[in-house]
Amino acid sequence: MKIINILLLLCFSAVIQASPIDGLLERIDKGASRKFVIEQIKSPTDFFELDQKGDKVVIRGNNYVSIATGINWYLKYYAGIHLSWNGMQATLPEVLPAVTKKERHETGLKLRYDLNYCTFSYTMAFWDWDRWEKEIDWMALHGINLPLAMTGVESVWYNVLKKLGYNKEEINEFISGPGFMAWWLMNNLEGWGGPNPDSWYQQQTVLQKKILKRMREYGIEPVLPGYSGMVPHNAKEKLGLNVSDPGLWCGYRRPAFLQPTDPRFQEIASLYYKEMEKLFGKANYYSMDPFHEGGNVAGVDLDAAGKAIMSAMKKVNPKAVWVAQAWQANPRSKMIENLKAGDMIVLDLFAESRPQWGDTESTWYRKSGFGQHDWIYCMLLNYGGNVGLHGKMAHVIDEFYKAKESPFGKTLCGVGMTMEGSENNPVMFELLTELPWREQRFDKEEWLTNYVHARYGSENKTVEEAWTLLSKSIYNCPPQSVQQGTHESIFCARPSENVYQASSWSEMSDYYNPQDVIRAARLMVSVADQYKGNNNFEYDLVDIVRQAITERGRLLYKAVMAAYTSGDKTLFEMASRHFLQLILLQDELLGTRREFMVGNWIDQARNLGKTPEEKALYEWNARVQITTWGNRQAADEGGLRDYAHKEWNGILKDFYYMRWKAYFDNLTLKMNGKNPEEIDFYALEEPWTKETDPYPFEPKSDCISTVKRIFADIFN
């Protein structure tokens, strides 16, 4: 009996001593945990140190996230290993490069935030645990300790509504489908993309529990969606509640807002938090964003609303903090001005372009910033998950230190990534996450050189030259620009005589020389053979050449339309044919990497389905989101069509090519004296959203040789 007890005690001790850092290192490379000495040291300040003991590298830090950040720093800047979202494994050398001099980094910014509601739909809608596990490791390695965690919250709402007397059909008319959860939770719409099968709620609940368990093991604080007054639009009739109508969002009816003066506000909020705690436990941070993006506040006592939302949150956890997104007029000043300091953190969502923290040069200038409340400097960077190189590399650095050194720096408590879509532009996310750990303003060029070395594991002057060109052009978007993300691909735009941008609200402007991107692509192609099999290089190579082809397409479009305007039939036929051929070549190029294949997106969606009907529903969500986005009214009148367009293999040849071919055929008829009907683009687009023909999701051709051939065909 004693032997059994001893064995049980030893097993229990082993479990207690197991560190999430060991698991992280083993997932990176089996056996890697034996090559490091990990030391956790108490400190009121987040820090990590790199040191050496014999042939082992020492990583010290005050908590698991700081230690993981130190591991990542070491791998990048000593071992030449860059772990990215699409490559979280590496082969470490048998003996690690030595740390010859102890290196220490610390930060007074206690919070590093990650994710936007939109990210959960534009990128993460169909992720499984395997993908989430990699993402949480990525977060830890990049110092993230405060991510939004909204997976599975629809299950909380299902339980709440059921207890309020709604039946299953009514609940599913309220909760959105998988591809549109973000806008439902931001109070923008109801039901679109549903109804969801029972299995959806069950599997997302299981997934969220795994996500939260791993986050909490690392010491990462999840931000759970809190209660902000949202109720179904028919809550007045169904429940007798006193509600206001926030109006429409892009043609969709918004949920109603429960007035804070209604005696049942606290009751329903309490029920919500009770159901949340049952499934996912309590949190120290909750995200609430009432009246998001133009929601009507007429008749709402904003001061009372803020206090009611805060009171409900504090009842579930007196230490909890309200996390709010600063976007357009939100959070309304009257709603937060009388809330206590320390009870709220405001995410300055688009701080690299439209800061609200108090920068007088901003188009969204707030004279008093966020008042007494703490705030986080965020980079939005990407809208709609659109594909394209983009960034304000130097400005992101300068604006961060400007904010930090300003009077508003006293309430600055962190940095954050608030992209609508991730899995793009890794250079910009790497830059942003390093800001807190660099005490003084630093040189962009020197940082970029070190990044390129880490990214590809070796020095190469040609590659450095390519990235310098990019950093001074497409990654050098002017400080005053407020354009929404990437310079959108013309291939993905609905055709017209004066097409410029693909989405409705991009606010694009020509801020760089396209030839610089083409020259950078040429340089990358010239050394491609040296990097065969290098995951990071091959991904960047395809992305940069993709951008170069997009630039050529934009230039060629002007020639096509000039030929049409002048009535030159021969030139029009030749130029339009060449334009269509570019789309097909772009499609072939992007088929060399899984990340750029629509089949990958659709495969993720279908894999979550348990039955043919579920698979079809999820695929429909996936297809609609990246094309029409909504129904005819929302797509055309609401402006949502092509908002989440994707320059991907498969959709280029079957969707975007189809639109341009139909348009050019229409123009040809006009040039020949015919009077064809104007094209109903929505009628052309909707059939693709309903198809279920399979797309490949694994590359079938060699990346390097295909890139070289296509580049030569187009540019030589």
# chains A, B, ... in the order shown; residues from 1 in each chain; ligands from 1
>>> residues_around(residues="Arg455 of chain A", least_positions_apart="2", cutoff="9 Å", atoms="only C-alpha atoms", output="ChimeraX atom specification")
/A:76,80-84,427,450-453,457-458,536-537
>>> residues_around(residues="Leu380 of chain A", least_positions_apart="3", cutoff="8 Å", atoms="only C-alpha atoms", output="list in words")
Leu349, Phe350, Ala351, Glu352, Tyr383, Met417, Thr418, Met419 and Glu420 of chain A
>>> closest_residue(among="A:Ser155, A:Gln52, A:Asn382, A:Asn607", to="Pro426 of chain A", atoms="only C-alpha atoms")
A:Asn382
>>> atom_distance(atom1="atom CA of Glu446 of chain A", atom2="atom CA of Glu434 of chain A")
13.7 Å
>>> closest_atom_pairs(of="segment 590-638 of chain A", to="segment 503-511 of chain A", cutoff="12 Å", atoms="only C-alpha atoms", output="JSON lines")
{"residue": "A:Ile626", "atom": "CA", "partner": "A:Ser503", "partner_atom": "CA", "distance": 11.2}
{"residue": "A:Thr627", "atom": "CA", "partner": "A:Ser503", "partner_atom": "CA", "distance": 10.5}
{"residue": "A:Thr628", "atom": "CA", "partner": "A:Ser503", "partner_atom": "CA", "distance": 10.8}
{"residue": "A:Trp629", "atom": "CA", "partner": "A:Ser503", "partner_atom": "CA", "distance": 11.1}
{"residue": "A:Ala634", "atom": "CA", "partner": "A:Ser504", "partner_atom": "CA", "distance": 11.9}
{"residue": "A:Ala635", "atom": "CA", "partner": "A:Ser504", "partner_atom": "CA", "distance": 10.1}
{"residue": "A:Asp636", "atom": "CA", "partner": "A:Ser504", "partner_atom": "CA", "distance": 9.7}
{"residue": "A:Glu637", "atom": "CA", "partner": "A:Ser504", "partner_atom": "CA", "distance": 10.5}
{"residue": "A:Gly638", "atom": "CA", "partner": "A:Ser504", "partner_atom": "CA", "distance": 9.2}
>>> residues_around(residues="Trp467 of chain A", least_positions_apart="2", cutoff="10 Å", atoms="only C-alpha atoms", output="JSON, numbers by chain")
{"A": [445, 448, 449, 452, 461, 462, 463, 464, 465, 469, 470, 471, 472, 473, 475, 517, 520, 521, 523, 524, 544]}
>>> write_last_selection(atoms="all heavy atoms", output="compact mmCIF listing (two decimals), in the first residue's frame")
# COMPACT_ATOMS: atom_id res chain seq x y z
N GLU A 445 15.37 50.63 -40.08
CA GLU A 445 16.24 49.92 -41.02
C GLU A 445 17.05 48.83 -40.31
O GLU A 445 17.17 47.70 -40.80
CB GLU A 445 17.18 50.89 -41.74
CG GLU A 445 16.54 51.66 -42.87
CD GLU A 445 15.57 52.74 -42.39
OE1 GLU A 445 15.71 53.19 -41.23
OE2 GLU A 445 14.68 53.13 -43.17
N LEU A 448 14.76 46.01 -39.32
CA LEU A 448 14.34 45.21 -40.46
C LEU A 448 15.44 44.25 -40.90
O LEU A 448 15.17 43.09 -41.23
CB LEU A 448 13.94 46.11 -41.63
CG LEU A 448 13.40 45.40 -42.87
CD1 LEU A 448 12.11 44.65 -42.55
CD2 LEU A 448 13.15 46.40 -44.00
N THR A 449 16.69 44.72 -40.89
CA THR A 449 17.81 43.84 -41.25
C THR A 449 17.86 42.64 -40.33
O THR A 449 18.02 41.49 -40.77
CB THR A 449 19.13 44.61 -41.17
OG1 THR A 449 19.11 45.69 -42.12
CG2 THR A 449 20.32 43.71 -41.49
N VAL A 452 14.94 40.22 -41.09
CA VAL A 452 15.15 39.42 -42.30
C VAL A 452 16.12 38.27 -42.01
O VAL A 452 15.90 37.14 -42.46
CB VAL A 452 15.64 40.29 -43.47
CG1 VAL A 452 16.05 39.44 -44.66
CG2 VAL A 452 14.55 41.29 -43.88
N LYS A 461 22.39 39.81 -48.98
CA LYS A 461 22.28 41.22 -49.36
C LYS A 461 21.16 41.45 -50.37
O LYS A 461 20.50 42.49 -50.35
CB LYS A 461 23.61 41.72 -49.92
CG LYS A 461 24.75 41.75 -48.90
CD LYS A 461 24.41 42.67 -47.73
CE LYS A 461 25.53 42.72 -46.70
NZ LYS A 461 25.13 43.53 -45.50
N THR A 462 20.93 40.51 -51.25
CA THR A 462 19.87 40.66 -52.25
C THR A 462 18.50 40.67 -51.58
O THR A 462 17.63 41.50 -51.91
CB THR A 462 19.93 39.53 -53.29
OG1 THR A 462 21.22 39.55 -53.92
CG2 THR A 462 18.86 39.69 -54.35
N VAL A 463 18.31 39.77 -50.64
CA VAL A 463 17.05 39.71 -49.91
C VAL A 463 16.87 40.98 -49.07
O VAL A 463 15.77 41.55 -49.00
CB VAL A 463 16.99 38.45 -49.03
CG1 VAL A 463 15.74 38.47 -48.15
CG2 VAL A 463 17.00 37.20 -49.89
N GLU A 464 17.94 41.43 -48.45
CA GLU A 464 17.87 42.66 -47.66
C GLU A 464 17.49 43.84 -48.54
O GLU A 464 16.69 44.70 -48.14
CB GLU A 464 19.21 42.93 -46.98
CG GLU A 464 19.53 41.98 -45.85
CD GLU A 464 20.92 42.23 -45.28
OE1 GLU A 464 21.39 43.39 -45.33
OE2 GLU A 464 21.54 41.27 -44.79
N GLU A 465 18.03 43.88 -49.74
CA GLU A 465 17.71 44.96 -50.66
C GLU A 465 16.23 44.92 -51.05
O GLU A 465 15.57 45.97 -51.14
CB GLU A 465 18.58 44.86 -51.92
CG GLU A 465 18.39 46.00 -52.90
CD GLU A 465 19.22 45.85 -54.16
OE1 GLU A 465 20.10 44.95 -54.21
OE2 GLU A 465 18.99 46.62 -55.12
N LEU A 469 13.46 47.91 -50.21
CA LEU A 469 12.55 48.50 -51.20
C LEU A 469 11.11 48.46 -50.71
O LEU A 469 10.36 49.45 -50.83
CB LEU A 469 12.65 47.74 -52.53
CG LEU A 469 13.75 48.15 -53.51
CD1 LEU A 469 13.84 47.14 -54.64
CD2 LEU A 469 13.46 49.55 -54.06
N LEU A 470 10.71 47.33 -50.16
CA LEU A 470 9.34 47.20 -49.67
C LEU A 470 9.08 48.12 -48.48
O LEU A 470 8.02 48.75 -48.37
CB LEU A 470 9.06 45.75 -49.26
CG LEU A 470 9.08 44.71 -50.39
CD1 LEU A 470 8.97 43.30 -49.81
CD2 LEU A 470 7.94 44.95 -51.38
N SER A 471 10.06 48.22 -47.60
CA SER A 471 9.89 49.04 -46.40
C SER A 471 9.78 50.52 -46.72
O SER A 471 9.19 51.30 -45.96
CB SER A 471 11.05 48.81 -45.42
OG SER A 471 12.23 49.45 -45.87
N LYS A 472 10.35 50.92 -47.86
CA LYS A 472 10.31 52.34 -48.26
C LYS A 472 9.17 52.63 -49.23
O LYS A 472 9.02 53.77 -49.68
CB LYS A 472 11.65 52.73 -48.88
CG LYS A 472 12.80 52.73 -47.88
CD LYS A 472 14.12 53.13 -48.54
CE LYS A 472 15.24 53.19 -47.51
NZ LYS A 472 16.54 53.58 -48.12
N SER A 473 8.39 51.62 -49.55
CA SER A 473 7.30 51.82 -50.51
C SER A 473 5.98 51.32 -49.93
O SER A 473 5.28 52.04 -49.23
CB SER A 473 7.62 51.12 -51.84
OG SER A 473 7.89 49.73 -51.65
N TYR A 475 5.28 49.27 -47.54
CA TYR A 475 5.24 49.24 -46.09
C TYR A 475 5.53 50.61 -45.48
O TYR A 475 5.83 50.71 -44.28
CB TYR A 475 6.22 48.19 -45.53
CG TYR A 475 5.70 46.78 -45.61
CD1 TYR A 475 6.27 45.85 -46.49
CD2 TYR A 475 4.65 46.35 -44.82
CE1 TYR A 475 5.80 44.55 -46.57
CE2 TYR A 475 4.17 45.05 -44.88
CZ TYR A 475 4.75 44.15 -45.76
OH TYR A 475 4.27 42.86 -45.82
N VAL A 517 7.75 47.56 -55.88
CA VAL A 517 7.29 46.22 -55.50
C VAL A 517 7.75 45.20 -56.54
O VAL A 517 8.20 44.10 -56.20
CB VAL A 517 5.76 46.19 -55.35
CG1 VAL A 517 5.27 44.77 -55.07
CG2 VAL A 517 5.31 47.14 -54.25
N ALA A 520 11.39 44.54 -56.08
CA ALA A 520 11.61 43.70 -54.91
C ALA A 520 11.29 42.24 -55.23
O ALA A 520 12.03 41.33 -54.83
CB ALA A 520 10.75 44.18 -53.74
N ALA A 521 10.22 42.03 -55.97
CA ALA A 521 9.87 40.67 -56.38
C ALA A 521 10.96 40.07 -57.26
O ALA A 521 11.33 38.90 -57.10
CB ALA A 521 8.54 40.68 -57.12
N LEU A 523 14.11 40.73 -57.23
CA LEU A 523 15.25 40.39 -56.39
C LEU A 523 15.01 39.08 -55.63
O LEU A 523 15.90 38.23 -55.54
CB LEU A 523 15.52 41.53 -55.40
CG LEU A 523 16.10 42.82 -56.00
CD1 LEU A 523 16.03 43.96 -54.99
CD2 LEU A 523 17.55 42.60 -56.44
N MET A 524 13.82 38.92 -55.10
CA MET A 524 13.49 37.68 -54.36
C MET A 524 13.55 36.47 -55.29
O MET A 524 14.08 35.41 -54.92
CB MET A 524 12.11 37.80 -53.73
CG MET A 524 12.00 38.84 -52.62
SD MET A 524 12.84 38.39 -51.09
CE MET A 524 11.67 37.21 -50.39
N ILE A 544 5.03 38.25 -52.21
CA ILE A 544 5.61 39.43 -52.86
C ILE A 544 5.40 39.37 -54.37
O ILE A 544 5.07 40.39 -55.00
CB ILE A 544 7.10 39.56 -52.48
CG1 ILE A 544 7.24 39.86 -50.98
CG2 ILE A 544 7.78 40.65 -53.30
CD1 ILE A 544 8.66 39.71 -50.45
>>> atom_distance(atom1="atom CA of Glu94 of chain A", atom2="atom CA of Asn535 of chain A")
20.7 Å
>>> decode(residues="segment 578-590 of chain A", atoms="all heavy atoms", output="mmCIF file, in the first residue's frame")
data_model
loop_
_atom_site.group_PDB
_atom_site.id
_atom_site.type_symbol
_atom_site.label_atom_id
_atom_site.label_comp_id
_atom_site.auth_asym_id
_atom_site.auth_seq_id
_atom_site.Cartn_x
_atom_site.Cartn_y
_atom_site.Cartn_z
ATOM 1 N N HIS A 578 -5.042 39.883 -72.174
ATOM 2 C CA HIS A 578 -3.838 39.812 -71.336
ATOM 3 C C HIS A 578 -4.216 39.976 -69.863
ATOM 4 O O HIS A 578 -3.666 39.290 -68.985
ATOM 5 C CB HIS A 578 -2.851 40.895 -71.765
ATOM 6 C CG HIS A 578 -1.517 40.825 -71.080
ATOM 7 N ND1 HIS A 578 -0.991 39.665 -70.576
ATOM 8 C CD2 HIS A 578 -0.598 41.803 -70.801
ATOM 9 C CE1 HIS A 578 0.185 39.903 -70.028
ATOM 10 N NE2 HIS A 578 0.439 41.197 -70.142
ATOM 11 N N PHE A 579 -5.153 40.869 -69.562
ATOM 12 C CA PHE A 579 -5.602 41.087 -68.182
ATOM 13 C C PHE A 579 -6.207 39.801 -67.613
ATOM 14 O O PHE A 579 -5.897 39.400 -66.478
ATOM 15 C CB PHE A 579 -6.629 42.218 -68.153
ATOM 16 C CG PHE A 579 -7.113 42.586 -66.775
ATOM 17 C CD1 PHE A 579 -6.472 43.563 -66.032
ATOM 18 C CD2 PHE A 579 -8.232 41.957 -66.220
ATOM 19 C CE1 PHE A 579 -6.931 43.909 -64.763
ATOM 20 C CE2 PHE A 579 -8.694 42.292 -64.961
ATOM 21 C CZ PHE A 579 -8.040 43.276 -64.230
ATOM 22 N N LEU A 580 -7.046 39.153 -68.383
ATOM 23 C CA LEU A 580 -7.655 37.901 -67.938
ATOM 24 C C LEU A 580 -6.602 36.810 -67.741
ATOM 25 O O LEU A 580 -6.693 35.994 -66.811
ATOM 26 C CB LEU A 580 -8.713 37.438 -68.945
ATOM 27 C CG LEU A 580 -9.972 38.307 -69.043
ATOM 28 C CD1 LEU A 580 -10.851 37.844 -70.208
ATOM 29 C CD2 LEU A 580 -10.765 38.275 -67.740
ATOM 30 N N GLN A 581 -5.589 36.812 -68.609
ATOM 31 C CA GLN A 581 -4.515 35.841 -68.474
ATOM 32 C C GLN A 581 -3.731 36.071 -67.182
ATOM 33 O O GLN A 581 -3.300 35.112 -66.532
ATOM 34 C CB GLN A 581 -3.577 35.909 -69.685
ATOM 35 C CG GLN A 581 -2.451 34.876 -69.684
ATOM 36 C CD GLN A 581 -2.950 33.435 -69.694
ATOM 37 O OE1 GLN A 581 -4.068 33.165 -70.105
ATOM 38 N NE2 GLN A 581 -2.114 32.510 -69.228
ATOM 39 N N LEU A 582 -3.571 37.340 -66.789
ATOM 40 C CA LEU A 582 -2.894 37.643 -65.523
ATOM 41 C C LEU A 582 -3.646 37.033 -64.344
ATOM 42 O O LEU A 582 -3.029 36.511 -63.407
ATOM 43 C CB LEU A 582 -2.786 39.156 -65.318
ATOM 44 C CG LEU A 582 -1.667 39.908 -66.030
ATOM 45 C CD1 LEU A 582 -1.687 41.381 -65.619
ATOM 46 C CD2 LEU A 582 -0.303 39.300 -65.720
ATOM 47 N N ILE A 583 -4.957 37.095 -64.392
ATOM 48 C CA ILE A 583 -5.757 36.507 -63.312
ATOM 49 C C ILE A 583 -5.501 35.009 -63.215
ATOM 50 O O ILE A 583 -5.329 34.458 -62.122
ATOM 51 C CB ILE A 583 -7.260 36.788 -63.523
ATOM 52 C CG1 ILE A 583 -7.547 38.290 -63.462
ATOM 53 C CG2 ILE A 583 -8.097 36.041 -62.476
ATOM 54 C CD1 ILE A 583 -9.007 38.640 -63.714
ATOM 55 N N LEU A 584 -5.443 34.345 -64.354
ATOM 56 C CA LEU A 584 -5.212 32.900 -64.357
ATOM 57 C C LEU A 584 -3.799 32.554 -63.886
ATOM 58 O O LEU A 584 -3.595 31.559 -63.181
ATOM 59 C CB LEU A 584 -5.465 32.330 -65.749
ATOM 60 C CG LEU A 584 -6.908 32.441 -66.259
ATOM 61 C CD1 LEU A 584 -7.024 31.850 -67.665
ATOM 62 C CD2 LEU A 584 -7.891 31.763 -65.308
ATOM 63 N N LEU A 585 -2.822 33.370 -64.270
ATOM 64 C CA LEU A 585 -1.456 33.139 -63.804
ATOM 65 C C LEU A 585 -1.348 33.396 -62.302
ATOM 66 O O LEU A 585 -0.634 32.672 -61.591
ATOM 67 C CB LEU A 585 -0.479 34.034 -64.571
ATOM 68 C CG LEU A 585 -0.216 33.634 -66.022
ATOM 69 C CD1 LEU A 585 0.589 34.707 -66.748
ATOM 70 C CD2 LEU A 585 0.517 32.284 -66.099
ATOM 71 N N GLN A 586 -2.040 34.420 -61.844
ATOM 72 C CA GLN A 586 -2.067 34.683 -60.397
ATOM 73 C C GLN A 586 -2.681 33.500 -59.660
ATOM 74 O O GLN A 586 -2.189 33.077 -58.614
ATOM 75 C CB GLN A 586 -2.870 35.959 -60.123
ATOM 76 C CG GLN A 586 -2.870 36.432 -58.683
ATOM 77 C CD GLN A 586 -1.606 37.173 -58.313
ATOM 78 O OE1 GLN A 586 -0.506 36.608 -58.351
ATOM 79 N NE2 GLN A 586 -1.738 38.428 -57.939
ATOM 80 N N ASP A 587 -3.733 32.955 -60.211
ATOM 81 C CA ASP A 587 -4.386 31.797 -59.623
ATOM 82 C C ASP A 587 -3.414 30.621 -59.521
ATOM 83 O O ASP A 587 -3.330 29.944 -58.492
ATOM 84 C CB ASP A 587 -5.605 31.413 -60.465
ATOM 85 C CG ASP A 587 -6.436 30.316 -59.825
ATOM 86 O OD1 ASP A 587 -7.321 30.645 -59.020
ATOM 87 O OD2 ASP A 587 -6.190 29.127 -60.129
ATOM 88 N N GLU A 588 -2.672 30.387 -60.597
ATOM 89 C CA GLU A 588 -1.703 29.287 -60.596
ATOM 90 C C GLU A 588 -0.596 29.530 -59.582
ATOM 91 O O GLU A 588 -0.193 28.611 -58.854
ATOM 92 C CB GLU A 588 -1.101 29.120 -61.996
ATOM 93 C CG GLU A 588 -0.147 27.933 -62.083
ATOM 94 C CD GLU A 588 0.542 27.814 -63.433
ATOM 95 O OE1 GLU A 588 0.252 28.633 -64.334
ATOM 96 O OE2 GLU A 588 1.397 26.909 -63.581
ATOM 97 N N LEU A 589 -0.096 30.740 -59.522
ATOM 98 C CA LEU A 589 0.944 31.091 -58.556
ATOM 99 C C LEU A 589 0.489 30.769 -57.139
ATOM 100 O O LEU A 589 1.209 30.120 -56.363
ATOM 101 C CB LEU A 589 1.283 32.583 -58.657
ATOM 102 C CG LEU A 589 2.169 33.125 -57.526
ATOM 103 C CD1 LEU A 589 3.630 32.805 -57.812
ATOM 104 C CD2 LEU A 589 1.975 34.618 -57.340
ATOM 105 N N LEU A 590 -0.714 31.207 -56.777
ATOM 106 C CA LEU A 590 -1.195 31.063 -55.408
ATOM 107 C C LEU A 590 -1.543 29.626 -55.067
ATOM 108 O O LEU A 590 -1.674 29.274 -53.892
ATOM 109 C CB LEU A 590 -2.393 31.990 -55.187
ATOM 110 C CG LEU A 590 -2.060 33.481 -55.323
ATOM 111 C CD1 LEU A 590 -3.290 34.343 -55.131
ATOM 112 C CD2 LEU A 590 -0.971 33.885 -54.328
#
